[in-house]
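J.: Submitted below is the structure of interest, expressed as structure tokens.
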Amino acid sequence: MDRENVDSNKRAQLLAISLLALFAGSLYLNSLDNLFTNWDDQMIYENYHIRSLDWESVLTIFTPVRAGTYQPIRVLSYAVDYYFWNLNPLGYHITNILFYMLTTVMVFFTVHHLSRKLREGSPADSHQRVALFGALLFAAHPVHVEAVTWLAARKEVLQGFFFFLAFYLYLRGREEEGGRKFFYLGLVLFLFLLAILSKPSAMVFPAVILIYEVAMGGKRWIDFIKRHWIFFILSISLSVFFSLILMKVMFDAGGIKPYRGGGFLNNLLISFYAFLYNIKLLTFTINYSAAYTIPVANPILGLRTFAFIGITLLCFGLSLWSLKKTKVFFFSFFFFFVTILPYLNIIPISTILADRYVFIASFSYCFLLGIVFDRFYGLRSKRASKSFFKLLSVAIFLFVLVGYSSMTIRQNTIWENSYTLWADAVAKSPDSNPANALMGVVYMELGMDEKAVGYLEKAIQILPYDYQSRNNLGIVYGRLEQHERALKEFMTAIRLKPEDDTIKINLSVFYQTQKEYQKAEEVLRYLLSKNHHDANLHYRLGLLYRDMGRYDAAISELTKSVELAPHIINPYEALGNLYLSKLRDVERAKFYYSKGIESAPKAKSRAEQLRWMIQDLER
């Protein structure tokens, strides 16, 4: 009979997690038609490292690059998507949703195990309800839309899956003995590594383990760490090592910004705002956005700031006090704090508040809310029937679940394309630098330069050191023939970000359009002196020589570009155009058009245009 009960429970649990995964996936079905946004361009659309899965490309993906992010598992997943889907966003959305479904399943298992360990004495069916309530709320919470629907946020769902799988296996493995325990702990370290390589903020994982051990009570956690010191040394070493890599990458890429408020103390005080506003995102937000602004008191040493500090310290005090009374609250609060810590602006980063930052941290909120609904479910009163609180609890839970689900489905539509995304963000946060900067980029791409100027100017008014918006302003001013203003913005952008060669390339293009060919050549020659193997620089120089009428030099540079990047269609097309329009050599033009088609078969629209060119020339 016991065997039958065990089998029945396993079947029920399998059914529950299957329905849970389907529920999580169904909430994002209306995102499958969403396009890439201009937030995805650099990571996916313009990322040539994902165009191949050969050994050399994979090695490049896992090699840290100066001034670039280091999230190789994310980039590798894009390469797999590209292999099957090319640049069709549908496949990339499917992958995001599948990893979100897997993350939700791991949340279910983790909550169930934590409920059993941190709520000893509660009946078995209570733990099952808490796991189901918590995982369903996690699946439906609209704060996760950015992590799932934004394709460049693949790092969140990858990190989430590996993070919770590692934590669950740790919870299981610590109860094993002998070889099985070492197997589990070894697997945990491997999954922890995958989580870090998906997104470095997973470095807080050892702290989450420590919080759990402390929550278990007594001095057992000290004894446990002593017995498993090798595991903890290895996990902390991984955390420290990748923390150093993260810091270096952020410094090189300009991800670490000047202190907000002008100094360390003011910046630290803003961290209290960030902490409480992250809690607000989870609990009291209705209209989610791709960009937020936090209204900080000015001067910062005021009543509001002291109130924020007081509320935060009260939360910490209550959590520490609860360790003796309610281990669940202690664990949940400090889980939230530790997993949100990398984003609290203690080290100033470009974005102070974002939905994606609470993706892992939201676990604690859903866990606690699941317990609340379960406690309500189990209430009894002489004045009410036995099923009254059960029905009322389920009714309220379904109301919250349906509300979250509808908000999620609606939020998916906001991410439909770049315009819908940033128009919504600007409407909700008109004083947000990212919202204005990226709305300006949308209008640039649409060729509506007058509108683009307004948003870009506001972006740098909000954040004067926004070199990217200054670079974009330089491009737009140039197209509007406001030459002095264009040159000023390019020079300011270069001063703010001297190592960014893209700005210098744009400056050379500006000089080229002004027919200041010598200045354009000087810029490109300077860049080539630093990196003479850059195919794009040779391509740009070839186009410059073409405009200068130096056709032999143009052919030489474009040929070098072809040799360095044989799978890029642009230089082939440029050579074909040069031979056709300037040198009147039809056969050579057809030759390079044909080579372009052969070199980049996945660039379907461009290749089709070249086929039409060849057909026209053969008539």
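Residues are named by chain letter and number: chains run A, B, ... in the order of the structure tokens, numbers start at 1 in each chain, and ligands are numbered from 1 in the order shown.
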Set out as JSON lines a contact list for stretch 330-377 of chain A and stretch 211-215 of chain A with a cut-off of 12 Å, giving each residue of stretch 330-377 of chain A that qualifies its closest atom pair and distance in Å to one decimal, counting only C-alpha atoms, ordered by chain and rising residue number.

T.:
{"residue": "A:Phe330", "atom": "CA", "partner": "A:Ala215", "partner_atom": "CA", "distance": 6.7}
{"residue": "A:Phe331", "atom": "CA", "partner": "A:Ala215", "partner_atom": "CA", "distance": 5.9}
{"residue": "A:Ser332", "atom": "CA", "partner": "A:Ile211", "partner_atom": "CA", "distance": 9.2}
{"residue": "A:Phe333", "atom": "CA", "partner": "A:Ile211", "partner_atom": "CA", "distance": 9.9}
{"residue": "A:Phe334", "atom": "CA", "partner": "A:Ile211", "partner_atom": "CA", "distance": 6.9}
{"residue": "A:Phe335", "atom": "CA", "partner": "A:Ile211", "partner_atom": "CA", "distance": 7.2}
{"residue": "A:Phe336", "atom": "CA", "partner": "A:Ile211", "partner_atom": "CA", "distance": 10.7}
{"residue": "A:Phe337", "atom": "CA", "partner": "A:Ile211", "partner_atom": "CA", "distance": 10.7}
{"residue": "A:Val338", "atom": "CA", "partner": "A:Ile211", "partner_atom": "CA", "distance": 9.1}
{"residue": "A:Thr339", "atom": "CA", "partner": "A:Ile211", "partner_atom": "CA", "distance": 11.4}

J.: Apply DSSP to the backbone of this structure and, from stretch 238-486 of chain A, keep only the residues in helix (DSSP H, G or I); write these as an MDAnalysis selection string.

T.: chainID A and resid 238:253 260:262 264:283 303:322 327:343 355:358 362:377 388:414 418:428 433:445 449:462 467:479 483:486

J.: Closest to A:Leu421 among A:Leu610, A:Ile225, A:Ala291, A:Leu171, using only C-alpha atoms?

T.: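 Checking each candidate against A:Leu421, we get A:Ala291 as the closest.
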
J.: Measuring atom to atom with only C-alpha atoms, identify which of A:Phe163, A:Phe36, A:Phe306, A:Phe397 is nearest to A:Phe192.

T.: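 Of all the options, A:Phe163 lies closest to A:Phe192.
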
J.: Tell me, as a PyMOL selection string, which residues lie within 9 Å of A:Ala290, counting only C-alpha atoms; anything in the same chain fewer than 6 positions away does not count.

T.: chain A and resi 146+354-355+415+421-422+424-425+434-435

J.: Those selected residues, please, written with C-alpha atoms and delivered as a tab-separated table (two decimals), in the first residue's frame.

T.:
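As a result, again-v7.tsv now contains:
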chain	number	residue	atom	x	y	z
A	146	GLU	CA	11.84	41.51	-19.64
A	354	ALA	CA	15.40	47.07	-14.03
A	355	ASP	CA	12.89	44.23	-14.04
A	415	TRP	CA	8.09	44.24	-26.47
A	421	LEU	CA	9.03	49.23	-26.47
A	422	TRP	CA	10.59	52.68	-26.23
A	424	ASP	CA	5.98	52.89	-23.83
A	425	ALA	CA	9.16	53.48	-21.79
A	434	PRO	CA	17.95	54.84	-21.73
A	435	ALA	CA	14.35	55.38	-22.83

J.: Leaving out A:Ser115 and any residue of its chain fewer than 5 positions from it, which residues lie within 12 Å of it when counting only C-alpha atoms, given as a PyMOL selection string?

T.: chain A and resi 107-110+120-134+171+212+216+326-329+331-332+364+367-368+370-371+374

J.: Of the candidates A:Tyr70, A:Tyr465, A:Trp229, A:Tyr526, which shows the shortest atom-to-atom distance to A:Asp501, using only C-alpha atoms?

T.: A:Tyr526

J.: Extract, using only C-alpha atoms, all DNA, RNA and protein residues at most 8 Å from A:Asn278, discarding same-chain residues fewer than 3 positions from it, and format them as a list in words.

T.: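 In the requested form, the answer reads Ala274, Phe275, Leu281, Leu282, Leu353 and Val358 of chain A.
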
J.: Given only C-alpha atoms as the basis, pick out the residue of A:Leu98, A:Val105, A:Leu246, A:Ala589 nearest to A:Leu19.

T.: A:Val105

J.: Can you tell me how far atom CA of A:Tyr292 sits from atom CA of A:Val400, in Å to one decimal?

T.: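 Answer for the atom CA of A:Tyr292 to atom CA of A:Val400 separation: 24.2 Å.
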
J.: Between A:Arg606, A:Lys386, A:Lys530, A:Arg74, which one has atoms that come closest to A:Met43, using only C-alpha atoms?

T.: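 Ranked by minimum distance to A:Met43, first place goes to A:Arg74.
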
J.: Can you tell me which residues surround stretch 567-576 of chain A at a distance of at most 8 Å, considering only C-alpha atoms, apart from same-chain residues fewer than 2 positions away, and format the answer as JSON, numbers by chain?

T.: {"A": [539, 543, 555, 558, 559, 561, 562, 565, 578, 579, 580, 588, 589, 590, 591, 592, 593, 595, 596, 597, 599, 600, 603, 606, 610]}

J.: Would you work out the distance separating atom CA of A:Leu15 from atom CA of A:Asn96, expressed in Å to one decimal?

T.: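 Atom-to-atom, atom CA of A:Leu15 to atom CA of A:Asn96, that is 22.8 Å.
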